[in-house]
Amino acid sequence: MLRSLQLYSTHKTIPALSLTSLFFLFFSLSNHGCIYCVRAHIFIYAGCSQEKYQPNSLFEGNLNSLLASVVSSSSEATYNTFAIGNGTSTPPEGVVYGLYQCRGDLKIIDCSRCIQSAVNQIGLVCPYSYGAALQLEGCYLRYEHIDFLGQLDTGLRYKKCSKSVNNDVEFFRRRDDVLADLPTAIGFKVSSSGSVQGYAQCLGDLSSADCSSCLTDVVGKLKILCGSAAAAEVYLGKCYARYWASGYYDFSSDSSNVDDVGKTVAIIVGVIAGLAILIVLLSVCCKAMD
Ligand SMILES: *[C@@H]1O[C@H](CO)[C@@H](O)[C@H](O)[C@H]1NC(C)=O
């Protein structure tokens, strides 16, 4: 037994190295190998409030009913907002506001799967948090104790810039075409010019004026933060934009992408995998002792 435990502890680095494959395995198994669905579940970023709620509190009860409503709504609509416990006769400590938004090109069935996955993950990534936001490749989920619905928020949440392109005038011209086109989105827009493609989206609770100013802001930040990157993505509080040179984004083989952005979820998956390895080692050990 002792030897098995030591063996495990000297192999602590294994889960870190194989996290990427475990991550893909985890989601492929839950999606019957559908490649676009796998992409939809890729973790982009999460944010959690520092303040924690008490188990079995009114807030927890309301949050659970909010999450249940989110799941059931996502089989009918690609976006919705929720407010639970904000009536004048209910105790204010239980109030919870929420929103989910699927990427504009997702079919309702894929939206629903993505949201189910987000609901499953948000409590693991942000345990007992009073507020949490989780962005997956295909959908976004957020809940808060305070009312954030309908308010413009251009705070930077996440950015990723690929390696730079040098001296490719054609590329920069095409990229600027795409970036100039994206802020005209009403909700969601895909744009392409030559070999460059991109898309942008606002959360559904923004007015069209706020959406437009959010997208103008995010496109400006893409240029400032990612300069001459061949592919880039920037997520603000209420909108995001991304572009890539054709063929550059191959998510099915872009493992470094997951290593960068999937850390939190990957750590959780890694811990589960670690426990599984430990159980296997222990059972082998105990069989050997029989
Ligand atoms: C609860 O919050 C929602 C979302 O902000 C709002 O539309 C609704 O009017 C609020 N209800 C009450 C009773 O304040």
# chains A, B, ... in the order shown; residues from 1 in each chain; ligands from 1
>>> select_by_dssp(residues="stretch 27-258 of chain A", states="strand (DSSP E or B)", output="ChimeraX atom specification")
/A:43-48,52,79-84,96-102,129,132-136,139-144,156-161,164,188-193,196-202,229,231-236,239-245
>>> residues_around(residues="stretch 62-72 of chain A", least_positions_apart="2", cutoff="7 Å", atoms="only C-alpha atoms", output="PyMOL selection string")
chain A and resi 58-60+74-75+82+84+94+96+115-116+119
>>> residues_around(residues="A:Pro183", least_positions_apart="3", cutoff="8 Å", atoms="only C-alpha atoms", output="list in words")
Leu179, Ala180, Ala200, Ser212, Ser213, Leu215, Thr216 and Val219 of chain A
>>> residues_near_ligand(ligand="ligand 1", cutoff="9 Å", atoms="only C-alpha atoms and all ligand atoms", output="JSON, numbers by chain")
{"A": [81, 82, 83, 84, 85, 86, 87, 88, 89, 95, 96, 97, 98, 147, 148, 149, 150]}
>>> closest_atom_pairs(of="stretch 122-235 of chain A", to="stretch 241-244 of chain A", cutoff="7 Å", atoms="only C-alpha atoms", output="Markdown table")
| residue | atom | partner | partner_atom | distance |
| --- | --- | --- | --- | --- |
| A:Val196 | CA | A:Trp244 | CA | 5.8 |
| A:Gln197 | CA | A:Tyr243 | CA | 5.5 |
| A:Gly198 | CA | A:Tyr243 | CA | 3.8 |
| A:Tyr199 | CA | A:Arg242 | CA | 5.7 |
| A:Ala200 | CA | A:Ala241 | CA | 4.1 |
| A:Gln201 | CA | A:Ala241 | CA | 6.6 |
| A:Val218 | CA | A:Ala241 | CA | 6.5 |
| A:Val219 | CA | A:Ala241 | CA | 6.7 |
| A:Ala230 | CA | A:Trp244 | CA | 5.9 |
| A:Ala231 | CA | A:Trp244 | CA | 4.0 |
| A:Ala232 | CA | A:Arg242 | CA | 5.5 |
| A:Glu233 | CA | A:Arg242 | CA | 4.1 |
| A:Val234 | CA | A:Ala241 | CA | 5.7 |
| A:Tyr235 | CA | A:Ala241 | CA | 6.7 |
>>> residues_around(residues="stretch 44-46 of chain A", least_positions_apart="2", cutoff="7 Å", atoms="only C-alpha atoms", output="JSON, numbers by chain")
{"A": [42, 48, 133, 134, 135, 136, 137, 158, 261, 262]}
>>> decode(residues="stretch 83-144 of chain A", atoms="C-alpha atoms", output="PDB file, in the first residue's frame")
ATOM      1  CA  ALA A  83     -34.439  36.666 -11.658  1.00  0.00           C
ATOM      2  CA  ILE A  84     -35.383  34.639  -8.609  1.00  0.00           C
ATOM      3  CA  GLY A  85     -36.291  35.972  -5.171  1.00  0.00           C
ATOM      4  CA  ASN A  86     -36.256  39.669  -6.155  1.00  0.00           C
ATOM      5  CA  GLY A  87     -39.867  40.312  -5.165  1.00  0.00           C
ATOM      6  CA  THR A  88     -40.565  42.911  -2.475  1.00  0.00           C
ATOM      7  CA  SER A  89     -41.909  40.273  -0.061  1.00  0.00           C
ATOM      8  CA  THR A  90     -38.939  37.900  -0.291  1.00  0.00           C
ATOM      9  CA  PRO A  91     -35.759  38.157   1.841  1.00  0.00           C
ATOM     10  CA  PRO A  92     -33.064  40.041  -0.129  1.00  0.00           C
ATOM     11  CA  GLU A  93     -30.270  37.608   0.831  1.00  0.00           C
ATOM     12  CA  GLY A  94     -31.776  34.987  -1.484  1.00  0.00           C
ATOM     13  CA  VAL A  95     -31.947  37.066  -4.660  1.00  0.00           C
ATOM     14  CA  VAL A  96     -30.155  35.693  -7.702  1.00  0.00           C
ATOM     15  CA  TYR A  97     -30.014  36.964 -11.297  1.00  0.00           C
ATOM     16  CA  GLY A  98     -28.848  34.881 -14.206  1.00  0.00           C
ATOM     17  CA  LEU A  99     -28.347  34.788 -17.937  1.00  0.00           C
ATOM     18  CA  TYR A 100     -27.256  32.318 -20.547  1.00  0.00           C
ATOM     19  CA  GLN A 101     -26.340  32.902 -24.183  1.00  0.00           C
ATOM     20  CA  CYS A 102     -25.423  30.397 -26.861  1.00  0.00           C
ATOM     21  CA  ARG A 103     -23.198  31.270 -29.790  1.00  0.00           C
ATOM     22  CA  GLY A 104     -25.358  32.587 -32.623  1.00  0.00           C
ATOM     23  CA  ASP A 105     -24.654  29.745 -35.053  1.00  0.00           C
ATOM     24  CA  LEU A 106     -25.426  26.881 -32.674  1.00  0.00           C
ATOM     25  CA  LYS A 107     -28.488  24.735 -33.321  1.00  0.00           C
ATOM     26  CA  ILE A 108     -30.871  24.544 -30.382  1.00  0.00           C
ATOM     27  CA  ILE A 109     -29.881  20.941 -29.628  1.00  0.00           C
ATOM     28  CA  ASP A 110     -26.186  21.895 -29.424  1.00  0.00           C
ATOM     29  CA  CYS A 111     -27.050  25.007 -27.420  1.00  0.00           C
ATOM     30  CA  SER A 112     -28.911  22.870 -24.945  1.00  0.00           C
ATOM     31  CA  ARG A 113     -26.021  20.396 -24.628  1.00  0.00           C
ATOM     32  CA  CYS A 114     -23.546  23.208 -24.163  1.00  0.00           C
ATOM     33  CA  ILE A 115     -25.662  24.838 -21.454  1.00  0.00           C
ATOM     34  CA  GLN A 116     -26.125  21.511 -19.692  1.00  0.00           C
ATOM     35  CA  SER A 117     -22.347  21.183 -19.632  1.00  0.00           C
ATOM     36  CA  ALA A 118     -21.930  24.758 -18.370  1.00  0.00           C
ATOM     37  CA  VAL A 119     -24.449  24.172 -15.579  1.00  0.00           C
ATOM     38  CA  ASN A 120     -22.607  20.989 -14.602  1.00  0.00           C
ATOM     39  CA  GLN A 121     -19.248  22.770 -14.529  1.00  0.00           C
ATOM     40  CA  ILE A 122     -20.063  26.116 -12.942  1.00  0.00           C
ATOM     41  CA  GLY A 123     -20.428  24.689  -9.432  1.00  0.00           C
ATOM     42  CA  LEU A 124     -17.138  22.788  -9.778  1.00  0.00           C
ATOM     43  CA  VAL A 125     -15.229  25.774 -11.093  1.00  0.00           C
ATOM     44  CA  CYS A 126     -16.789  28.278  -8.648  1.00  0.00           C
ATOM     45  CA  PRO A 127     -17.905  26.304  -5.590  1.00  0.00           C
ATOM     46  CA  TYR A 128     -20.329  28.198  -3.305  1.00  0.00           C
ATOM     47  CA  SER A 129     -19.684  31.469  -5.150  1.00  0.00           C
ATOM     48  CA  TYR A 130     -22.219  34.281  -4.866  1.00  0.00           C
ATOM     49  CA  GLY A 131     -21.470  35.138  -8.477  1.00  0.00           C
ATOM     50  CA  ALA A 132     -19.924  33.186 -11.328  1.00  0.00           C
ATOM     51  CA  ALA A 133     -19.429  33.415 -15.068  1.00  0.00           C
ATOM     52  CA  LEU A 134     -18.377  30.567 -17.326  1.00  0.00           C
ATOM     53  CA  GLN A 135     -17.546  30.944 -21.009  1.00  0.00           C
ATOM     54  CA  LEU A 136     -17.340  27.788 -23.087  1.00  0.00           C
ATOM     55  CA  GLU A 137     -16.605  27.728 -26.800  1.00  0.00           C
ATOM     56  CA  GLY A 138     -20.308  27.528 -27.648  1.00  0.00           C
ATOM     57  CA  CYS A 139     -22.107  29.133 -24.752  1.00  0.00           C
ATOM     58  CA  TYR A 140     -21.946  31.453 -21.764  1.00  0.00           C
ATOM     59  CA  LEU A 141     -23.554  31.234 -18.323  1.00  0.00           C
ATOM     60  CA  ARG A 142     -23.513  33.777 -15.518  1.00  0.00           C
ATOM     61  CA  TYR A 143     -25.326  34.341 -12.254  1.00  0.00           C
ATOM     62  CA  GLU A 144     -24.947  37.088  -9.651  1.00  0.00           C
TER      63      GLU A 144
END
